[in-house]
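These notes are about the structure you will find just below.
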Amino acid sequence: MKPARFAYHTPASVDEAIALLARYGGEAKLLAGGQSLVPLLNFRLSRPACLIALNRIAGLSYIHEAAGHVRLGAMTRQRAIEFSPVIRRRLPLLAEATTLVGHLPIRSRGTIGGSLAHADPAAEYPTVLAALGGQVVVRGPRGERTLAAGELFQGYLTTTLAADEMLVEVRLPAMPEGAGFAFEEFSRRHGDFAIVGIAAMVVGQEGGRCSAARLVIAGAGPVPVRLRAAEEILERDGLSDAAVEAAARRAAELVDPPSDIHASADYRRNLTRVLTTRALHRAITHLNPNPNTLSPSGGEGRVRGSS
Ligand SMILES: Cc1cc2nc3c(=O)[nH]c(=O)nc-3n(C[C@H](O)[C@H](O)[C@H](O)COP(=O)(O)OP(=O)(O)OC[C@H]3O[C@@H](n4cnc5c(N)ncnc54)[C@H](O)[C@@H]3O)c2cc1C
């Protein structure tokens, strides 16, 4: 099928794009990489009166590191993130998660801002945003606001962005030096959206103790779910096999997944336990409790801490 008729604008600035959004009063859609929006248009599941393409706006695609944070422009392509030495060095969990997003041609067009605004609960970027405690910067006619993952994601494919607001930047705190991490997911075919995925990060101490753990699950609810009670088991009991098993069992109890044509709720709950175990074992294997021993070439070639 072909999309329904729409007007097409190519603004040269963020202000111009916001003015267009306001002018169309909720009847316009921003077009970033088009990897989610264009299929929706083709199936006529979305019939906006107007598309506002962001591709000609200069200065919305960048990866900057400063003061312990990495800032990414909303139009930064997923492929640029995948191959960025800064991301590999400072946010290796994001680098690993990016390799799981669709296929290379999709990542060549798809953007981080588009993925977060699309808010698919099985997508990797919303999960990583929640796991790393990141924020998005949103701009509209009333000015700028900054939202954490819990404030951005409202439900299935739904965010708290107003119809006249756009996402302009993503801010992520650099991961602690030496942290172990893994993104594990299960999908039917390579490149498909995950049925369930999990982002795991652990910060270790001598003696197998764990000073901080992050576990966020994708595909087991309408938004990414942080598994705080499972994290607490690791922070209290350490990183032994028994503690990992207990955390994974608790993770499965904490989710309330849907049943749909892809998988039943029970299957997703079981996947949560299995993938949490796998992710934690891999994260722990690559943990470095003494970051001073890390190779300074961590950002070149292989991602530090990944398999
Ligand atoms: C075959 C296939 C497989 C895929 N597999 C995966 C996968 O495994 N994991 C995954 O995460 N994704 C997957 N995707 C989706 C892909 O990652 C998309 O790139 C992403 O979801 C949307 O990014 P985009 O830049 O293409 O946004 P678009 O498709 O252009 O836009 C998506 C939505 O976000 C809105 N939007 C875009 N930019 C902004 C902004 N700056 N501010 C506010 N709203 C905005 C648009 O209006 C639209 O509603 C897949 C896509 C395809 C076609």
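We label chains A, B, ... in the order they appear in the structure tokens, count residues from 1 in each chain, and number ligands from 1 in the order shown.
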
Exercise. Which residues form the shell of 6 Å around ligand 1 when you count only C-alpha atoms and all ligand atoms, given as a list in words?
Worked result: Lys29, Leu30, Leu31, Ala32, Gly33, Gly34, Gln35, Ser36, Leu37, Ala74, Leu100, Val101, Gly102, Gly110, Thr111, Gly113, Gly114, Ser115, Ala117, His118, Ala123, Glu124, Met166, Leu167, Val168, Gly191, Asp192 and Phe193 of chain A

For this session: Please identify all polymer residues within 10 Å of stretch 46-54 of chain A, counting only C-alpha atoms, omitting same-chain residues fewer than 5 positions from it, and present them as a VMD selection string.
Result: chain A and resid 3 to 14 16 to 18 20 to 21 24 26 to 34 37 to 41 60 74 to 75

For this session: Name the closest residue to A:Asp120 among the candidates A:Asp241, A:Leu93, A:Phe153, A:Glu144; distances are taken between atoms, counting only C-alpha atoms.
Result: A:Phe153

Problem set entry | 12 Å contact set for A:Ile261, only C-alpha atoms, chain neighbours under 4 positions out, as a PyMOL selection string | chain A and resi 195+265+267

Output N, CA, C and O atoms for every residue in that selection, as an mmCIF file, in the first residue's frame.
data_model
loop_
_atom_site.group_PDB
_atom_site.id
_atom_site.type_symbol
_atom_site.label_atom_id
_atom_site.label_comp_id
_atom_site.auth_asym_id
_atom_site.auth_seq_id
_atom_site.Cartn_x
_atom_site.Cartn_y
_atom_site.Cartn_z
ATOM 1 N N ILE A 195 11.613 -10.504 21.727
ATOM 2 C CA ILE A 195 10.405 -10.900 22.470
ATOM 3 C C ILE A 195 10.599 -10.425 23.917
ATOM 4 O O ILE A 195 9.721 -9.809 24.502
ATOM 5 N N ALA A 265 2.350 -14.893 28.204
ATOM 6 C CA ALA A 265 2.912 -14.207 29.380
ATOM 7 C C ALA A 265 3.871 -15.136 30.131
ATOM 8 O O ALA A 265 4.952 -14.723 30.557
ATOM 9 N N TYR A 267 5.652 -17.587 28.947
ATOM 10 C CA TYR A 267 6.892 -17.737 28.172
ATOM 11 C C TYR A 267 7.800 -16.518 28.402
ATOM 12 O O TYR A 267 9.002 -16.651 28.616
#

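For the pair atom CA of A:Arg249 and atom CA of A:Pro126, the separation is 23.4 Å.
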
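With only C-alpha atoms as the atoms that count, the residue of A:Thr272, A:Val137, A:Arg77, A:Arg209 with the shortest distance to A:Pro105 is A:Arg77.
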
Which residues of stretch 167-219 of chain A come within 6 Å of stretch 278-288 of chain A, and for each one, what is the closest pair of atoms and their distance in Å to one decimal, counting only C-alpha atoms, sorted by chain and residue number, as JSON lines?
{"residue": "A:Gly178", "atom": "CA", "partner": "A:Asn288", "partner_atom": "CA", "distance": 4.6}
{"residue": "A:Ala179", "atom": "CA", "partner": "A:Leu287", "partner_atom": "CA", "distance": 5.7}
{"residue": "A:Gly180", "atom": "CA", "partner": "A:Leu287", "partner_atom": "CA", "distance": 4.1}
{"residue": "A:Phe181", "atom": "CA", "partner": "A:Ala283", "partner_atom": "CA", "distance": 4.3}
{"residue": "A:Ala182", "atom": "CA", "partner": "A:Ala283", "partner_atom": "CA", "distance": 5.2}
{"residue": "A:Glu184", "atom": "CA", "partner": "A:Ala279", "partner_atom": "CA", "distance": 5.7}

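Distance check against A:Arg109 using only C-alpha atoms: of A:Ala122, A:Ala95, A:Ala246, A:Ala80, the minimum falls on A:Ala80.
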
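Relative to atom CA of A:Val216, atom CA of A:Ala199 is found at 5.3 Å.
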